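What follows is a set of notes on a single structure, which appears directly below.
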Amino acid sequence: MNLQAEIPLDYMIVLGTIVFFVGLMGVLIRRNLITMLMGIELMLNAVNINFVAFNHYLFPNRLEGHFFALIVMAIAAAEAAIAIALIINIYRQFNTVSVDDVDELKY
Amino acid sequence: MSYSYTLLILLLPVLMFLFIGLTGNKMKPEVSGILGTTGLFIITLLSYFTAFYYFGHRSGESFQTIEAYNFLWLQFTGTLIINIGILLDPLSVMMLVVITTVSLMVHIYSLGYMKGEKGFARYYAFLSLFTFSMLGLVLATNIFQMYIFWELVGVSSYLLIGFYYERPTAVAAAKKAFIVTRFADLGFLIGILLLSFYTNTFNFIALTDLNGLAIAQPTTAVFMGLSVTTWAMLLIFMGGAGKSAMFPLHIWLPDAMEGPTPVSALIHAATMVVAGVYLVARLFPVYSFTAPESLEIIAYIGSFTSLFAAVIACTQLDIKRVLAFSTLSQIGYMMVALGVSGYGAEGLGYMASLFHLFTHAFFKALLFLGAGSVIHAVHSNLMTDMGGLRKYMPITHITFLIACLTIAGIPPLSGFFSKDEILVAAFEHNKIIFAVQWIVAGITAFYMFRLYFNIFWNRTPEYHHAPHESPVTMTIPLIILAAASIFAGFVPFHDLVTSDGNPLHTEFHAFIAVPSIAIAVVGIILAAMLYYRKNSKPETIAKTLKGLYALAFHKFYIDEVYLFITHKVIFNFISRPVAWFDRHIVDGTMNLIGNATVSASGSIKKMQSGQVQWYIWYFTSGVLLLVFLILYLTY
């Protein structure tokens, strides 16, 4: 099966961009901390798509893009763990997970 | 013999000041008083010893000038060197005797007078400080050292005038004295700098050396018609005029009477106020050879001050103020004598001036201490509250009478001799000044006996409790000073203290002595007629001379003129514009910068909302902006 013949690289980039901006919008617009975290995960996955796509289409004989994608996944998993721990603590402190109510840092 | 022990004369009082000043609160008041008096007694003995030894050992005809100490204190450059030392010459040794004697008398007197006062130890500490400064001033080897001690004297005078710091008038008087003399010292400092700039030295010996740079090669620089040396000497005299309260810088002295009476006797009658005379005498060769014009000016200022102050003294009711104006008048005499003097064989005026300084210190201190004794008994400064005191205070009465006769110039008391020499010197030099001084001699006799009769004779008012003679600590100094006033005239002064150190030949001039005695007697008789008994003649005369009397009573409104100049002219036309400039322009600039920062930060501080999503939004927009910018620039 020749993937290159069926789906051009442009499609992959457009997909990555769409996923990235969906994630960004999620972070910018949603007030719930957990949803914002999901947005961040989406942005990371958009990056992963780009890594894998470029590796596959431009340098088929090499593996660095794949490795980077794997590393990003590992980082994302760690980040998610930490972020959720933080969110739980914020919930205990403020009794809310809405980002609007967590603005103490300005003082 | 070396004079190395003279260092003790300077060190003891300053140690005394530190010791009493630091531990005075811990000890009983009497202890600090006795300690201070004992210390001063030792200094007095040392001074007498120095004087006897110094005047006893002349080399040939003249006296040597000895620098007992002279060590380097500050070296700025090769020529700008300031030393500290002790200079012994007839002038300084004579001053040493005067200062320590009067100071010792005042120390003893104060044991009684200040008894039970709050701050007794503080008082003695300040007295020691003053004695130290005054001795340092007269023993200075160079003009800069003199200037330092000059200011120290001013400070201790300030501290002692303001001794009763709870009284607003005393505080005001202290400030006035300090500011007026400080203003005059500005001239002194400029004069010192000018003089030393052209002569490359501060040292008195080098300055007054007849072959030295200052006199042998005076500067040819001329400023506004007078040579720069004359200007320098006039500016130096300005400092002296401030300290010696010469017109128009005399306004602080009458107010300085707010201090304790013994302080007035010590500082504002006998020692500090003659510092100006001492200064001119110290630099006399420079005045005489390079700036004779300034000597003329000194003579006229002195003459005017003596007349002016004598007239005011006739109208004052506060006995200490009468004495203050009398002091002004007598210092005027000394200035006149210096002003009319020549150098060397013509130095009669110089000798007479210092002779008068010498005798005046004793009789004026006696007058003040006597007045203090009276005030102590009556609890009032006003002569209207006094009268008939001779029955209650016999010792004070007799000593005061002696002092009055002395200042009036009745022979053979000391005042006669010194005043006579001054009149002779004035007569030889300038007949107008002589005439003025002759009349002033009469006025002096009049106002002193007006004071005397008003205190000790006249009507006896109702006293709340009968006045009694002062304690023995107060009467003993009176008796000693009275003896000094009587006999000081027999000191062979023309043999000891002269302008060039050589004995001066003086003769007795009956044609001057007789009229001067005559006018003094006339003054006394006039005063006796008016004030011996209570009568209405003084009021009648005051009414007849209404305008003049009011003028003299208000001290010719000089204070008001000063107030007008300072409050109206200087405050309104200089201080207020400067204050406005400071408040609006200088402060305004600063406020503008501050306000701009505050409002700028106020308008952008809303960005720091704490809302994470806004931060992300700014960040993202910034990144996007950068991306588009880079794309735009690269393509």
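Labels for the structure tokens follow display order: chains A, B, ..., residues from 1 in each chain, ligands from 1.
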What lies within 9 Å of Leu354 (chain B) using only C-alpha atoms, ignoring chain neighbours under 2 positions off, as a PyMOL selection string?
-> chain B and resi 91+94+277-278+281+334+337-338+349-352+356-359+418+493+497-498
Mind checking which residues fall within 6 Å of Leu137 (chain B), counting only C-alpha atoms, ignoring those fewer than 2 positions away in the same chain, and posting them as number ranges by chain?
-> B: 134-135, 139-140, 146, 149
Selection to disk with N, CA and C atoms, as a PDB file, in the first residue's frame:
ATOM      1  N   MET B 134      38.388  79.711  74.467  1.00  0.00           N
ATOM      2  CA  MET B 134      38.935  81.060  74.551  1.00  0.00           C
ATOM      3  C   MET B 134      40.459  81.015  74.694  1.00  0.00           C
ATOM      4  N   LEU B 135      40.953  80.084  75.509  1.00  0.00           N
ATOM      5  CA  LEU B 135      42.402  79.965  75.668  1.00  0.00           C
ATOM      6  C   LEU B 135      43.042  79.526  74.358  1.00  0.00           C
ATOM      7  N   LEU B 139      45.894  81.584  72.283  1.00  0.00           N
ATOM      8  CA  LEU B 139      47.211  80.953  72.184  1.00  0.00           C
ATOM      9  C   LEU B 139      47.513  80.477  70.768  1.00  0.00           C
ATOM     10  N   ALA B 140      46.594  80.720  69.834  1.00  0.00           N
ATOM     11  CA  ALA B 140      46.750  80.177  68.485  1.00  0.00           C
ATOM     12  C   ALA B 140      48.030  80.677  67.832  1.00  0.00           C
ATOM     13  N   MET B 146      43.150  79.934  65.021  1.00  0.00           N
ATOM     14  CA  MET B 146      42.354  80.960  65.681  1.00  0.00           C
ATOM     15  C   MET B 146      40.909  80.898  65.196  1.00  0.00           C
ATOM     16  N   PHE B 149      39.066  77.980  66.848  1.00  0.00           N
ATOM     17  CA  PHE B 149      38.674  78.258  68.231  1.00  0.00           C
ATOM     18  C   PHE B 149      37.667  79.401  68.296  1.00  0.00           C
TER      19      PHE B 149
END
Pull out every residue of chain B that has at least one atom within 10 Å of chain A, counting only C-alpha atoms, and report them as a PDB file with C-alpha atoms, in the first residue's frame.
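The resulting file, part.pdb, is shown below:
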ATOM      1  CA  LYS B 605      -1.429  47.068  35.323  1.00  0.00           C
ATOM      2  CA  LYS B 606      -4.753  45.532  34.217  1.00  0.00           C
ATOM      3  CA  MET B 607      -2.742  43.187  32.026  1.00  0.00           C
ATOM      4  CA  GLN B 608      -1.538  41.511  35.177  1.00  0.00           C
ATOM      5  CA  SER B 609      -4.983  40.145  35.907  1.00  0.00           C
ATOM      6  CA  GLY B 610      -3.939  36.720  37.153  1.00  0.00           C
ATOM      7  CA  GLN B 611      -6.159  35.229  34.428  1.00  0.00           C
ATOM      8  CA  VAL B 612      -3.951  32.520  32.896  1.00  0.00           C
ATOM      9  CA  GLN B 613      -5.943  32.459  29.697  1.00  0.00           C
ATOM     10  CA  TRP B 614      -5.288  36.097  29.024  1.00  0.00           C
ATOM     11  CA  TYR B 615      -1.598  35.471  29.464  1.00  0.00           C
ATOM     12  CA  ILE B 616      -1.804  32.652  26.949  1.00  0.00           C
ATOM     13  CA  TRP B 617      -3.706  34.909  24.615  1.00  0.00           C
ATOM     14  CA  THR B 620       0.024  33.444  21.384  1.00  0.00           C
TER      15      THR B 620
END
Expressed in Å to a single decimal, how great is the separation between CA of Phe163 (chain B) and CA of His379 (chain B)?
->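 So the two atoms, CA of Phe163 (chain B) and CA of His379 (chain B), lie 17.7 Å apart.
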Could you name the residues that touch Asp500 (chain B) at 10 Å or less, counting only C-alpha atoms, but leaving out those on the same chain fewer than 5 positions away, as a VMD selection string?
-> chain B and resid 62 to 63 90 208 210 284 to 285 343 to 345 347 350
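Atom to atom, CA of Gly242 (chain B) and CA of Arg182 (chain B) stand 7.9 Å apart.
Neighbours of Phe237 (chain B) closer than or equal to 8 Å, with only C-alpha atoms counted and sequence neighbours fewer than 3 positions away skipped, come out as Phe188, Met233, Leu234, Gly240, Ala241, Gly276, Leu279, Val280 and Ile298 of chain B.
Shortest atom-to-atom contact with Ile402 (chain B) among B:Gly302, B:Gly370, B:Gly33, B:Pro262: B:Gly370, counting only C-alpha atoms.
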Near-region 12-23 of chain A list (9 Å; only C-alpha atoms; drop same-chain fewer than 6 positions) as a ChimeraX atom specification | /A:36,38-50,53-54
May I have all residues of chain A that DSSP, computed from the backbone, assigns to alpha helix (DSSP H), given as a PDB file with C-alpha atoms, in the first residue's frame?
ATOM      1  CA  LEU A   3       0.425   5.845   1.419  1.00  0.00           C
ATOM      2  CA  GLN A   4       2.347   8.621  -0.300  1.00  0.00           C
ATOM      3  CA  ALA A   5       0.372   8.062  -3.446  1.00  0.00           C
ATOM      4  CA  GLU A   6      -2.962   8.125  -1.691  1.00  0.00           C
ATOM      5  CA  LEU A   9       1.966  15.524   2.742  1.00  0.00           C
ATOM      6  CA  ASP A  10      -0.109  18.705   2.562  1.00  0.00           C
ATOM      7  CA  TYR A  11      -3.087  16.846   4.015  1.00  0.00           C
ATOM      8  CA  MET A  12      -1.002  15.770   6.964  1.00  0.00           C
ATOM      9  CA  ILE A  13       0.196  19.324   7.629  1.00  0.00           C
ATOM     10  CA  VAL A  14      -3.294  20.700   7.368  1.00  0.00           C
ATOM     11  CA  LEU A  15      -4.515  18.005   9.764  1.00  0.00           C
ATOM     12  CA  GLY A  16      -1.718  18.867  12.226  1.00  0.00           C
ATOM     13  CA  THR A  17      -2.552  22.569  11.992  1.00  0.00           C
ATOM     14  CA  ILE A  18      -6.251  21.976  12.517  1.00  0.00           C
ATOM     15  CA  VAL A  19      -5.613  19.772  15.536  1.00  0.00           C
ATOM     16  CA  PHE A  20      -3.143  22.331  16.932  1.00  0.00           C
ATOM     17  CA  PHE A  21      -5.557  25.244  16.692  1.00  0.00           C
ATOM     18  CA  VAL A  22      -8.434  23.181  18.044  1.00  0.00           C
ATOM     19  CA  GLY A  23      -6.181  22.492  21.036  1.00  0.00           C
ATOM     20  CA  LEU A  24      -5.184  26.161  21.303  1.00  0.00           C
ATOM     21  CA  MET A  25      -8.808  27.268  21.172  1.00  0.00           C
ATOM     22  CA  GLY A  26      -9.594  24.739  23.850  1.00  0.00           C
ATOM     23  CA  VAL A  27      -6.917  26.229  26.073  1.00  0.00           C
ATOM     24  CA  LEU A  28      -7.959  29.797  25.344  1.00  0.00           C
ATOM     25  CA  ILE A  29     -11.698  29.492  25.557  1.00  0.00           C
ATOM     26  CA  LEU A  33      -8.809  23.377  33.962  1.00  0.00           C
ATOM     27  CA  ILE A  34      -9.168  19.742  32.899  1.00  0.00           C
ATOM     28  CA  THR A  35     -10.562  20.705  29.502  1.00  0.00           C
ATOM     29  CA  MET A  36      -7.647  23.116  29.122  1.00  0.00           C
ATOM     30  CA  LEU A  37      -5.315  20.230  29.875  1.00  0.00           C
ATOM     31  CA  MET A  38      -7.031  18.249  27.161  1.00  0.00           C
ATOM     32  CA  GLY A  39      -6.406  21.154  24.785  1.00  0.00           C
ATOM     33  CA  ILE A  40      -2.722  21.042  25.606  1.00  0.00           C
ATOM     34  CA  GLU A  41      -2.667  17.308  24.877  1.00  0.00           C
ATOM     35  CA  LEU A  42      -4.278  17.993  21.515  1.00  0.00           C
ATOM     36  CA  MET A  43      -1.554  20.558  20.711  1.00  0.00           C
ATOM     37  CA  LEU A  44       1.136  18.032  21.598  1.00  0.00           C
ATOM     38  CA  ASN A  45      -0.508  15.434  19.385  1.00  0.00           C
ATOM     39  CA  ALA A  46      -0.627  17.910  16.521  1.00  0.00           C
ATOM     40  CA  VAL A  47       3.116  18.243  16.882  1.00  0.00           C
ATOM     41  CA  ASN A  48       3.450  14.474  16.879  1.00  0.00           C
ATOM     42  CA  ILE A  49       1.533  14.237  13.615  1.00  0.00           C
ATOM     43  CA  ASN A  50       3.932  16.719  12.060  1.00  0.00           C
ATOM     44  CA  PHE A  51       7.002  14.841  13.308  1.00  0.00           C
ATOM     45  CA  VAL A  52       5.833  11.505  12.024  1.00  0.00           C
ATOM     46  CA  ALA A  53       4.545  12.931   8.750  1.00  0.00           C
ATOM     47  CA  PHE A  54       7.708  14.792   7.887  1.00  0.00           C
ATOM     48  CA  ASN A  55       9.843  11.825   8.835  1.00  0.00           C
ATOM     49  CA  HIS A  56       7.796   9.514   6.744  1.00  0.00           C
ATOM     50  CA  TYR A  57       7.452  11.665   3.652  1.00  0.00           C
ATOM     51  CA  LEU A  58      10.794  13.408   3.481  1.00  0.00           C
ATOM     52  CA  GLU A  64      14.470  10.533  14.397  1.00  0.00           C
ATOM     53  CA  GLY A  65      10.919  11.841  13.868  1.00  0.00           C
ATOM     54  CA  HIS A  66       9.460   8.708  15.319  1.00  0.00           C
ATOM     55  CA  PHE A  67      11.716   8.903  18.313  1.00  0.00           C
ATOM     56  CA  PHE A  68      10.748  12.496  18.901  1.00  0.00           C
ATOM     57  CA  ALA A  69       7.101  11.576  18.719  1.00  0.00           C
ATOM     58  CA  LEU A  70       7.662   8.869  21.317  1.00  0.00           C
ATOM     59  CA  ILE A  71       9.540  11.287  23.564  1.00  0.00           C
ATOM     60  CA  VAL A  72       6.757  13.854  23.267  1.00  0.00           C
ATOM     61  CA  MET A  73       4.251  11.186  24.266  1.00  0.00           C
ATOM     62  CA  ALA A  74       6.296  10.315  27.325  1.00  0.00           C
ATOM     63  CA  ILE A  75       6.599  13.970  28.254  1.00  0.00           C
ATOM     64  CA  ALA A  76       2.899  14.467  27.681  1.00  0.00           C
ATOM     65  CA  ALA A  77       2.103  11.576  29.976  1.00  0.00           C
ATOM     66  CA  ALA A  78       4.343  12.993  32.718  1.00  0.00           C
ATOM     67  CA  GLU A  79       2.939  16.473  32.187  1.00  0.00           C
ATOM     68  CA  ALA A  80      -0.595  15.178  32.401  1.00  0.00           C
ATOM     69  CA  ALA A  81       0.194  13.443  35.670  1.00  0.00           C
ATOM     70  CA  ILE A  82       1.683  16.566  37.173  1.00  0.00           C
ATOM     71  CA  ALA A  83      -1.021  18.835  35.810  1.00  0.00           C
ATOM     72  CA  ILE A  84      -3.763  16.649  37.236  1.00  0.00           C
ATOM     73  CA  ALA A  85      -2.015  16.582  40.584  1.00  0.00           C
ATOM     74  CA  LEU A  86      -1.889  20.380  40.478  1.00  0.00           C
ATOM     75  CA  ILE A  87      -5.507  20.599  39.502  1.00  0.00           C
ATOM     76  CA  ILE A  88      -6.506  18.380  42.409  1.00  0.00           C
ATOM     77  CA  ASN A  89      -4.584  20.616  44.761  1.00  0.00           C
ATOM     78  CA  ILE A  90      -6.148  23.726  43.273  1.00  0.00           C
ATOM     79  CA  TYR A  91      -9.547  22.140  43.743  1.00  0.00           C
ATOM     80  CA  ARG A  92      -8.779  21.464  47.370  1.00  0.00           C
ATOM     81  CA  GLN A  93      -7.595  24.992  47.874  1.00  0.00           C
ATOM     82  CA  PHE A  94     -10.233  26.955  45.997  1.00  0.00           C
TER      83      PHE A  94
END
Which residues come within 10 Å of Tyr392 (chain B), counting only C-alpha atoms, excluding same-chain residues fewer than 4 positions away, as an NGL selection string?
-> :B and (377 or 388 or 396-397 or 456 or 466-470)
Would you save the residues from that selection as a CSV table (one decimal), in the first residue's frame, using N, CA and C atoms?
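This went into result-v7.csv:
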chain,number,residue,atom,x,y,z
B,377,ALA,N,19.2,88.7,94.7
B,377,ALA,CA,18.5,89.1,95.9
B,377,ALA,C,17.1,89.6,95.5
B,388,GLY,N,17.4,101.4,97.1
B,388,GLY,CA,17.7,101.4,98.6
B,388,GLY,C,18.5,100.1,99.0
B,396,THR,N,28.1,94.0,98.1
B,396,THR,CA,27.8,94.2,96.8
B,396,THR,C,27.8,95.7,96.5
B,397,HIS,N,27.2,96.5,97.4
B,397,HIS,CA,27.1,97.9,97.2
B,397,HIS,C,28.5,98.5,97.1
B,456,PHE,N,21.0,101.2,94.4
B,456,PHE,CA,21.4,101.2,95.8
B,456,PHE,C,20.8,102.4,96.6
B,466,ALA,N,12.7,90.5,102.4
B,466,ALA,CA,13.8,91.4,102.5
B,466,ALA,C,15.0,90.9,101.8
B,467,PRO,N,15.6,91.7,100.9
B,467,PRO,CA,16.8,91.2,100.2
B,467,PRO,C,17.9,91.0,101.2
B,468,HIS,N,18.8,90.1,100.9
B,468,HIS,CA,19.9,89.8,101.9
B,468,HIS,C,21.1,89.7,101.0
B,469,GLU,N,22.3,89.9,101.7
B,469,GLU,CA,23.6,89.8,101.1
B,469,GLU,C,23.8,88.4,100.5
B,470,SER,N,24.5,88.3,99.4
B,470,SER,CA,24.7,87.0,98.7
B,470,SER,C,25.6,86.2,99.5
Enumerate as a PyMOL selection string all residues of region 32-162 of chain B assigned to strand (DSSP E or B) by DSSP on the backbone, naming them with the chain letters and numbers the document uses.
-> chain B and resi 59+62+66-75+81-88+142
Take the selection from the previous step and output its residues with N, CA and C atoms, as a tab-separated table (two decimals), in the first residue's frame.
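Output file again01.tsv follows:
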chain	number	residue	atom	x	y	z
B	59	SER	N	64.67	89.18	76.75
B	59	SER	CA	66.02	89.14	76.20
B	59	SER	C	66.35	90.56	75.77
B	62	SER	N	63.49	93.76	74.48
B	62	SER	CA	62.17	93.35	74.02
B	62	SER	C	61.87	91.92	74.46
B	66	ILE	N	57.48	83.24	71.47
B	66	ILE	CA	57.85	81.84	71.62
B	66	ILE	C	56.73	80.96	71.10
B	67	GLU	N	57.11	80.01	70.27
B	67	GLU	CA	56.14	78.98	69.88
B	67	GLU	C	56.38	77.77	70.76
B	68	ALA	N	55.58	77.67	71.84
B	68	ALA	CA	55.80	76.58	72.78
B	68	ALA	C	55.49	75.24	72.15
B	69	TYR	N	54.51	75.24	71.30
B	69	TYR	CA	54.15	74.04	70.55
B	69	TYR	C	53.77	74.48	69.16
B	70	ASN	N	54.06	73.65	68.20
B	70	ASN	CA	53.52	73.90	66.88
B	70	ASN	C	53.61	72.61	66.10
B	71	PHE	N	52.53	71.83	66.16
B	71	PHE	CA	52.63	70.59	65.38
B	71	PHE	C	51.69	70.60	64.20
B	72	LEU	N	52.13	69.80	63.24
B	72	LEU	CA	51.39	69.71	61.99
B	72	LEU	C	50.05	69.05	62.26
B	73	TRP	N	49.02	69.66	61.76
B	73	TRP	CA	47.71	69.07	61.98
B	73	TRP	C	47.15	68.54	60.67
B	74	LEU	N	47.11	69.40	59.66
B	74	LEU	CA	46.60	68.99	58.36
B	74	LEU	C	47.56	69.49	57.30
B	75	GLN	N	47.96	68.60	56.40
B	75	GLN	CA	48.78	69.04	55.28
B	75	GLN	C	48.03	68.71	54.01
B	81	ILE	N	49.27	74.29	54.70
B	81	ILE	CA	49.52	73.48	55.89
B	81	ILE	C	48.83	74.15	57.06
B	82	ILE	N	48.11	73.37	57.85
B	82	ILE	CA	47.47	73.94	59.03
B	82	ILE	C	48.11	73.31	60.26
B	83	ASN	N	48.63	74.16	61.11
B	83	ASN	CA	49.26	73.70	62.34
B	83	ASN	C	48.36	73.99	63.53
B	84	ILE	N	48.66	73.31	64.61
B	84	ILE	CA	48.02	73.63	65.89
B	84	ILE	C	49.16	73.85	66.87
B	85	GLY	N	49.09	74.90	67.64
B	85	GLY	CA	50.20	75.14	68.54
B	85	GLY	C	49.86	76.13	69.62
B	86	ILE	N	50.87	76.51	70.33
B	86	ILE	CA	50.72	77.49	71.40
B	86	ILE	C	51.74	78.59	71.18
B	87	LEU	N	51.25	79.80	71.07
B	87	LEU	CA	52.12	80.94	70.83
B	87	LEU	C	52.15	81.80	72.09
B	88	LEU	N	53.34	82.09	72.54
B	88	LEU	CA	53.46	82.95	73.71
B	88	LEU	C	54.15	84.24	73.31
B	142	ASN	N	48.48	80.24	64.52
B	142	ASN	CA	48.16	80.65	63.16
B	142	ASN	C	46.71	81.05	63.07
One decimal, Å: what's the distance from CA of Gly387 (chain B) over to CA of Ile407 (chain B), could you say?
->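 Taking CA of Gly387 (chain B) as the start and CA of Ile407 (chain B) as the end point, the length is 21.2 Å.
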Proximity to Val273 (chain B) - best of B:Ser380, B:Ser294, B:Ser329, B:Ser227, only C-alpha atoms | B:Ser329
Contacts of Ala520 (chain B) at 8 Å or less, counting only C-alpha atoms, minus same-chain residues fewer than 2 places along, as a PyMOL selection string?
-> chain B and resi 408-410+441-446+516-518+522-524
